[in-house]
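Student: File follows, work20.txt with compact mmCIF, C-alpha atoms:
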```txt
# COMPACT_ATOMS: atom_id res chain seq x y z
CA MET A 3 51.25 -16.51 12.98
CA THR A 4 49.29 -17.87 10.04
CA ALA A 5 45.92 -16.52 9.05
CA HIS A 6 42.82 -18.58 8.44
CA PRO A 7 42.67 -19.86 4.81
CA HIS A 8 39.48 -17.83 4.14
CA VAL A 9 41.17 -14.64 5.35
CA GLU A 10 44.17 -15.23 3.10
CA ARG A 11 41.89 -15.91 0.12
CA ALA A 12 39.84 -12.79 0.83
CA ALA A 13 43.02 -10.70 1.10
CA ARG A 14 44.19 -11.95 -2.32
CA ILE A 15 40.83 -11.11 -3.88
CA ILE A 16 40.85 -7.60 -2.40
CA ALA A 17 44.43 -6.98 -3.52
CA ALA A 18 43.67 -8.19 -7.05
CA ALA A 19 40.61 -5.93 -7.24
CA VAL A 20 42.61 -2.91 -6.06
CA VAL A 21 45.63 -3.50 -8.29
CA HIS A 22 44.04 -5.08 -11.37
CA GLY A 23 40.43 -3.93 -11.07
CA THR A 24 38.52 -3.40 -14.29
CA THR A 25 35.84 -1.11 -12.92
CA GLY A 26 36.11 2.37 -11.46
CA ASP A 27 35.15 1.08 -8.02
CA PRO A 28 37.64 -1.54 -6.74
CA ALA A 29 35.87 -1.87 -3.38
CA LEU A 30 32.60 -2.81 -5.09
CA GLU A 31 34.41 -5.24 -7.38
CA ALA A 32 36.13 -6.91 -4.42
CA ALA A 33 32.86 -7.15 -2.49
CA GLN A 34 31.08 -8.72 -5.47
CA GLN A 35 33.85 -11.29 -5.90
CA LEU A 36 33.85 -12.12 -2.19
CA ASP A 37 30.07 -12.48 -2.22
CA GLY A 38 30.21 -14.66 -5.34
CA LEU A 39 32.61 -17.02 -3.57
CA GLY A 40 30.50 -17.09 -0.40
CA LEU A 41 33.19 -15.44 1.72
CA LEU A 42 30.96 -12.66 3.05
CA ALA A 43 29.14 -13.40 6.27
CA PRO A 44 25.34 -13.27 6.03
CA SER A 45 23.67 -10.53 8.02
CA ALA A 46 23.28 -11.77 11.56
CA ASP A 47 19.86 -12.27 13.08
CA PRO A 48 20.08 -11.26 16.75
CA PHE A 49 17.46 -13.85 17.64
CA GLU A 50 19.46 -16.79 16.28
CA THR A 51 21.86 -16.71 19.21
CA PRO A 52 21.38 -19.34 21.91
CA ARG A 53 19.16 -18.40 24.86
CA ARG A 54 17.63 -15.52 22.90
CA PRO A 55 14.37 -16.76 21.40
CA ARG A 56 12.44 -14.70 18.90
CA PRO A 57 9.48 -13.06 20.65
CA ALA A 58 6.05 -14.24 19.63
CA PRO A 59 4.02 -11.63 17.73
CA SER A 60 1.33 -9.97 19.78
CA PRO A 61 -2.30 -10.93 19.12
CA ALA A 62 -3.01 -7.32 18.12
CA ALA A 63 -0.18 -7.40 15.56
CA VAL A 64 -1.42 -10.70 14.13
CA ALA A 65 -4.99 -9.33 13.88
CA ALA A 66 -3.79 -6.10 12.23
CA LEU A 67 -1.73 -8.03 9.69
CA ALA A 68 -4.71 -10.26 8.86
CA GLU A 69 -6.94 -7.19 8.47
CA CYS A 70 -4.40 -5.55 6.14
CA ARG A 71 -4.18 -8.72 4.04
CA ARG A 72 -7.98 -8.90 3.75
CA ALA A 73 -8.11 -5.23 2.72
CA LYS A 74 -5.42 -5.81 0.07
CA ASN A 75 -7.34 -8.80 -1.32
CA VAL A 76 -10.60 -6.82 -1.40
CA ALA A 77 -8.84 -3.89 -3.12
CA ASP A 78 -7.47 -6.25 -5.77
CA SER A 79 -10.87 -7.83 -6.40
CA VAL A 80 -12.87 -4.59 -6.35
CA ARG A 81 -10.97 -3.36 -9.42
CA VAL A 82 -12.50 -6.22 -11.41
CA GLU A 83 -15.94 -5.89 -9.83
CA VAL A 84 -16.34 -2.18 -10.71
CA ALA A 85 -14.91 -2.41 -14.22
CA GLY A 86 -18.22 -1.45 -15.88
CA LEU A 87 -18.86 1.64 -13.78
CA PRO A 88 -18.22 5.14 -15.12
CA GLY A 89 -14.69 6.46 -14.75
CA GLU A 90 -11.48 4.81 -13.64
CA PRO A 91 -11.31 4.52 -9.83
CA ASP A 92 -8.12 4.90 -7.85
CA VAL A 93 -8.25 1.91 -5.49
CA SER A 94 -5.84 1.51 -2.58
CA ALA A 95 -5.59 -0.39 0.69
CA ALA A 96 -3.85 0.92 3.79
CA GLY A 97 -4.26 0.26 7.48
CA GLY A 98 -6.88 -2.43 6.88
CA GLU A 99 -9.14 -0.06 4.93
CA VAL A 100 -9.94 0.05 1.21
CA THR A 101 -10.27 3.48 -0.41
CA LEU A 102 -11.93 4.06 -3.77
CA VAL A 103 -11.49 7.54 -5.22
CA VAL A 104 -13.81 8.25 -8.14
CA HIS A 105 -14.36 11.29 -10.34
CA PRO A 106 -18.02 11.08 -11.40
CA ARG A 107 -19.14 13.33 -14.24
CA SER A 108 -22.70 13.56 -12.95
CA LEU A 109 -24.86 12.74 -9.94
CA ALA A 110 -26.16 9.74 -11.90
CA ASP A 111 -22.58 8.41 -12.07
CA TRP A 112 -22.22 8.98 -8.31
CA LYS A 113 -25.48 7.09 -7.67
CA GLN A 114 -24.19 4.17 -9.76
CA TRP A 115 -21.09 3.99 -7.56
CA THR A 116 -23.06 4.12 -4.31
CA HIS A 117 -25.53 1.46 -5.53
CA ALA A 118 -22.75 -0.82 -6.81
CA LEU A 119 -21.02 -0.74 -3.43
CA GLY A 120 -24.30 -1.12 -1.54
CA VAL A 121 -24.03 2.23 0.24
CA ALA A 122 -26.81 4.16 -1.50
CA ASP A 123 -28.57 4.79 1.82
CA ALA A 124 -25.39 5.50 3.80
CA ARG A 125 -24.75 8.97 5.13
CA ALA A 126 -22.04 10.84 3.29
CA THR A 127 -19.77 13.57 4.63
CA SER A 128 -18.70 16.54 2.55
CA THR A 129 -15.11 17.72 2.77
CA GLY A 130 -15.91 20.72 0.60
CA SER A 131 -14.43 19.33 -2.59
CA SER A 132 -15.31 15.65 -2.13
CA MET A 133 -18.04 13.47 -0.73
CA VAL A 134 -16.87 10.64 1.55
CA VAL A 135 -18.97 7.58 2.34
CA ARG A 136 -17.63 5.21 4.99
CA CYS A 137 -18.92 1.66 4.81
CA THR A 138 -18.03 -2.01 4.95
CA TYR A 139 -17.30 -3.73 1.66
CA GLY A 140 -16.19 -7.31 1.27
CA GLY A 141 -15.92 -7.63 5.05
CA VAL A 142 -13.41 -4.77 5.48
CA ARG A 143 -13.70 -1.08 6.24
CA ALA A 144 -14.05 0.94 3.07
CA ARG A 145 -14.24 4.54 2.02
CA LEU A 146 -15.80 5.80 -1.22
CA VAL A 147 -14.55 9.27 -2.14
CA GLY A 148 -16.44 11.15 -4.85
CA VAL A 149 -14.35 14.08 -6.04
CA GLY A 150 -16.53 17.03 -7.11
CA VAL A 151 -19.80 15.55 -5.84
CA PRO A 152 -20.62 18.36 -3.36
CA ALA A 153 -20.40 20.90 -6.19
CA MET A 154 -22.80 18.79 -8.28
CA TYR A 155 -25.29 18.66 -5.41
CA GLY A 156 -24.93 22.43 -4.91
CA GLU A 157 -25.56 23.03 -8.61
CA MET A 158 -28.60 20.76 -8.58
CA HIS A 159 -30.08 22.54 -5.57
CA ALA A 160 -29.35 25.95 -7.07
CA HIS A 161 -31.42 25.02 -10.12
CA THR A 162 -34.33 23.84 -7.99
CA GLY A 163 -34.13 26.74 -5.53
CA ARG A 164 -33.64 24.40 -2.58
CA ARG A 165 -31.08 24.93 0.12
CA THR A 166 -28.65 22.19 1.01
CA ALA A 167 -26.49 21.34 3.94
CA VAL A 168 -23.75 20.28 1.55
CA ARG A 169 -21.36 23.12 0.87
CA PRO A 170 -19.98 23.24 -2.67
```
Take the structure I supplied and represent it as structure tokens, if you would.
Tutor:
Amino acid sequence: MTAHPHVERAARIIAAAVVHGTTGDPALEAAQQLDGLGLLAPSADPFETPRRPRPAPSPAAVAALAECRRAKNVADSVRVEVAGLPGEPDVSAAGGEVTLVVHPRSLADWKQWTHALGVADARATSTGSSMVVRCTYGGVRARLVGVGVPAMYGEMHAHTGRRTAVRP
């Protein structure tokens, strides 16, 4: 029984790599040679078989993907738009939401950030060590996180003798 010509050729390549291989890994060398000659089968797509069509993506998946793309684009552009503000923000996009983490040195710096993003009148939530403002920026959900801001508010109110709902 004779083997297929491709099988015979592959067997010769494997034998040569095992016997005369120049690297310490003859299996890797044989695989690279087989791949270089196009003798390795491409990874099979289970949906390329007849009578097995690829399912259409759900409308929710399409909407989520579009939202994530918009958030990524906004995150990329916001880096340029906030270049003149104090500090270097850590900007990221995940789950269709843009997050800006800033480390203001003063409450004036924090006010600049909230005004630049158009959230100066938005209600902020203290996490104890950070102030979080949720808003919409560039048409996507956004979150501005000011690290150390609650402590600055607490210090300011301590100097004025006022009580605050924000815990440092």
Student: Expressed in Å to a single decimal, how great is the separation between atom CA of Ile15 of chain A and atom CA of Ala32 of chain A?
Tutor: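 Between these atoms lies a distance of 6.3 Å.
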Student: Rounded to one decimal in Å, what is the spacing between atom CA of Leu119 of chain A and atom CA of Ala144 of chain A?
Tutor: 9.7 Å
Student: Using all atoms listed in the file, give me every residue within 9 Å of (-14.6, -1.9, 1.6) in file coordinates, as a VMD selection string.
Tutor: chain A and resid 73 76 to 77 80 99 to 102 119 136 to 146
Student: Suppose we keep C-alpha atoms; can you now write the selection as an mmCIF file, in the frame of the given file?
Tutor:
```
data_model
loop_
_atom_site.group_PDB
_atom_site.id
_atom_site.type_symbol
_atom_site.label_atom_id
_atom_site.label_comp_id
_atom_site.auth_asym_id
_atom_site.auth_seq_id
_atom_site.Cartn_x
_atom_site.Cartn_y
_atom_site.Cartn_z
ATOM 1 C CA ALA A 73 -8.110 -5.230 2.720
ATOM 2 C CA VAL A 76 -10.600 -6.820 -1.400
ATOM 3 C CA ALA A 77 -8.840 -3.890 -3.120
ATOM 4 C CA VAL A 80 -12.870 -4.590 -6.350
ATOM 5 C CA GLU A 99 -9.140 -0.060 4.930
ATOM 6 C CA VAL A 100 -9.940 0.050 1.210
ATOM 7 C CA THR A 101 -10.270 3.480 -0.410
ATOM 8 C CA LEU A 102 -11.930 4.060 -3.770
ATOM 9 C CA LEU A 119 -21.020 -0.740 -3.430
ATOM 10 C CA ARG A 136 -17.630 5.210 4.990
ATOM 11 C CA CYS A 137 -18.920 1.660 4.810
ATOM 12 C CA THR A 138 -18.030 -2.010 4.950
ATOM 13 C CA TYR A 139 -17.300 -3.730 1.660
ATOM 14 C CA GLY A 140 -16.190 -7.310 1.270
ATOM 15 C CA GLY A 141 -15.920 -7.630 5.050
ATOM 16 C CA VAL A 142 -13.410 -4.770 5.480
ATOM 17 C CA ARG A 143 -13.700 -1.080 6.240
ATOM 18 C CA ALA A 144 -14.050 0.940 3.070
ATOM 19 C CA ARG A 145 -14.240 4.540 2.020
ATOM 20 C CA LEU A 146 -15.800 5.800 -1.220
#
```
Student: From the options A:Ala126, A:Ala95, A:Met158, A:Val84, which residue's atoms come nearest to Gln114 of chain A, counting only C-alpha atoms?
Tutor: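 For Gln114 of chain A, the nearest of the candidates is A:Val84.
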Student: Compare A:Pro88, A:Gly130, A:Gly120, A:Gly97 by their minimum atom-to-atom distance to Glu69 of chain A, counting all atoms listed in the file, and give me the closest one.
Tutor: A:Gly97
Student: I need the residue nearest Ala96 of chain A from this list: A:Leu30, A:Val9, A:Lys113, A:Asn75. Use only C-alpha atoms for the distance.
Tutor: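 Selected residue with least distance to Ala96 of chain A: A:Asn75.
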Student: Extract, using all atoms listed in the file, all DNA, RNA and protein residues at most 8 Å from segment 64-66 of chain A, discarding same-chain residues fewer than 4 positions from it, and format them as a PDB file with C-alpha atoms, keeping the file's coordinate frame.
Tutor:
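Output saved as around.pdb:
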```pdb
ATOM      1  CA  PRO A  59       4.020 -11.630  17.730  1.00  0.00           C
ATOM      2  CA  SER A  60       1.330  -9.970  19.780  1.00  0.00           C
ATOM      3  CA  CYS A  70      -4.400  -5.550   6.140  1.00  0.00           C
ATOM      4  CA  GLY A  97      -4.260   0.260   7.480  1.00  0.00           C
ATOM      5  CA  GLY A  98      -6.880  -2.430   6.880  1.00  0.00           C
TER       6      GLY A  98
END
```
Student: Work out how far atom CA of Val82 of chain A is from atom CA of Ser108 of chain A, in Å to one decimal.
Tutor: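 Computing the Euclidean distance for atom CA of Ser108 of chain A and atom CA of Val82 of chain A yields 22.3 Å.
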Student: Looking at A:Leu67, A:Val21, A:Leu87, A:His8, which one is nearest to Ala43 of chain A, with distances taken over all atoms listed in the file?
Tutor: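 Of A:Leu67, A:Val21, A:Leu87, A:His8, the one nearest Ala43 of chain A, counting all atoms listed in the file, is A:His8.
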Student: Do you know which residues are at most 12 Å from Ala18 of chain A counting all atoms listed in the file, after dropping those on the same chain fewer than 6 positions away, and could you put them as a list of chain:residue names?
Tutor: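 Everything that qualifies: A:Arg11, A:Ala12, A:Thr24, A:Pro28, A:Ala29, A:Glu31, A:Ala32, A:Ala33, A:Gln35, A:Leu36.
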Student: Met133 of chain A: which residues within 7 Å, counting only C-alpha atoms, same-chain residues fewer than 6 positions away excluded, as a VMD selection string?
Tutor: chain A and resid 126 to 127 147 to 149 151 to 152
Student: Take every atom of segment 129-132 of chain A listed in the file, fit an axis-aligned box around them, add 3 Å per side, and give the centre and edge lengths in Å to one decimal as lines of an AutoDock Vina configuration file.
Tutor:
```
center_x = -15.2
center_y = 18.2
center_z = 0.1
size_x = 7.5
size_y = 11.1
size_z = 11.4
```
Student: Given the choices A:Trp115, A:Arg71, A:Ala153, A:Ser128, which gets closest to Gly89 of chain A if the distance is worked out from only C-alpha atoms?
Tutor: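 Going through A:Trp115, A:Arg71, A:Ala153, A:Ser128 one by one, the smallest distance to Gly89 of chain A is for A:Trp115.
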Student: Would you mind completing segment 96-124 of chain A to N, CA and C atoms and writing the output as a compact mmCIF listing (two decimals), keeping the file's coordinate frame?
Tutor:
```
# COMPACT_ATOMS: atom_id res chain seq x y z
N ALA A 96 -4.83 0.53 2.78
CA ALA A 96 -3.85 0.92 3.79
C ALA A 96 -4.50 0.84 5.16
N GLY A 97 -3.76 0.32 6.11
CA GLY A 97 -4.26 0.26 7.48
C GLY A 97 -5.52 -0.57 7.63
N GLY A 98 -5.70 -1.58 6.78
CA GLY A 98 -6.88 -2.43 6.88
C GLY A 98 -8.13 -1.82 6.29
N GLU A 99 -7.98 -0.74 5.52
CA GLU A 99 -9.14 -0.06 4.93
C GLU A 99 -8.92 0.09 3.42
N VAL A 100 -9.98 -0.12 2.65
CA VAL A 100 -9.94 0.05 1.21
C VAL A 100 -10.50 1.43 0.88
N THR A 101 -9.80 2.16 0.02
CA THR A 101 -10.27 3.48 -0.41
C THR A 101 -10.46 3.47 -1.91
N LEU A 102 -11.64 3.90 -2.35
CA LEU A 102 -11.93 4.06 -3.77
C LEU A 102 -12.15 5.54 -4.02
N VAL A 103 -11.33 6.14 -4.85
CA VAL A 103 -11.49 7.54 -5.22
C VAL A 103 -12.01 7.57 -6.65
N VAL A 104 -13.19 8.18 -6.81
CA VAL A 104 -13.81 8.25 -8.14
C VAL A 104 -14.04 9.71 -8.51
N HIS A 105 -14.12 9.95 -9.81
CA HIS A 105 -14.36 11.29 -10.34
C HIS A 105 -15.61 11.23 -11.22
N PRO A 106 -16.79 11.18 -10.59
CA PRO A 106 -18.02 11.08 -11.40
C PRO A 106 -18.27 12.36 -12.20
N ARG A 107 -18.84 12.17 -13.38
CA ARG A 107 -19.14 13.33 -14.24
C ARG A 107 -20.52 13.89 -13.96
N SER A 108 -21.35 13.11 -13.26
CA SER A 108 -22.70 13.56 -12.95
C SER A 108 -23.16 12.89 -11.66
N LEU A 109 -24.29 13.38 -11.14
CA LEU A 109 -24.86 12.74 -9.94
C LEU A 109 -25.34 11.33 -10.25
N ALA A 110 -25.75 11.09 -11.51
CA ALA A 110 -26.16 9.74 -11.90
C ALA A 110 -24.97 8.78 -11.80
N ASP A 111 -23.79 9.24 -12.21
CA ASP A 111 -22.58 8.41 -12.07
C ASP A 111 -22.31 8.12 -10.59
N TRP A 112 -22.44 9.14 -9.75
CA TRP A 112 -22.22 8.98 -8.31
C TRP A 112 -23.20 7.96 -7.74
N LYS A 113 -24.47 8.04 -8.15
CA LYS A 113 -25.48 7.09 -7.67
C LYS A 113 -25.13 5.67 -8.10
N GLN A 114 -24.59 5.50 -9.31
CA GLN A 114 -24.19 4.17 -9.76
C GLN A 114 -23.11 3.60 -8.83
N TRP A 115 -22.16 4.45 -8.46
CA TRP A 115 -21.09 3.99 -7.56
C TRP A 115 -21.65 3.60 -6.20
N THR A 116 -22.53 4.44 -5.64
CA THR A 116 -23.06 4.12 -4.31
C THR A 116 -23.93 2.86 -4.34
N HIS A 117 -24.71 2.68 -5.41
CA HIS A 117 -25.53 1.46 -5.53
C HIS A 117 -24.66 0.23 -5.72
N ALA A 118 -23.62 0.33 -6.54
CA ALA A 118 -22.75 -0.82 -6.81
C ALA A 118 -22.04 -1.29 -5.54
N LEU A 119 -21.70 -0.37 -4.67
CA LEU A 119 -21.02 -0.74 -3.43
C LEU A 119 -22.00 -0.99 -2.29
N GLY A 120 -23.30 -0.84 -2.56
CA GLY A 120 -24.30 -1.12 -1.54
C GLY A 120 -24.37 -0.08 -0.45
N VAL A 121 -24.03 1.17 -0.77
CA VAL A 121 -24.03 2.23 0.24
C VAL A 121 -24.94 3.39 -0.17
N ALA A 122 -25.94 3.10 -1.00
CA ALA A 122 -26.81 4.16 -1.50
C ALA A 122 -27.54 4.88 -0.36
N ASP A 123 -27.85 4.17 0.72
CA ASP A 123 -28.57 4.79 1.82
C ASP A 123 -27.64 5.25 2.95
N ALA A 124 -26.34 5.10 2.75
CA ALA A 124 -25.39 5.50 3.80
C ALA A 124 -25.24 7.01 3.82
```
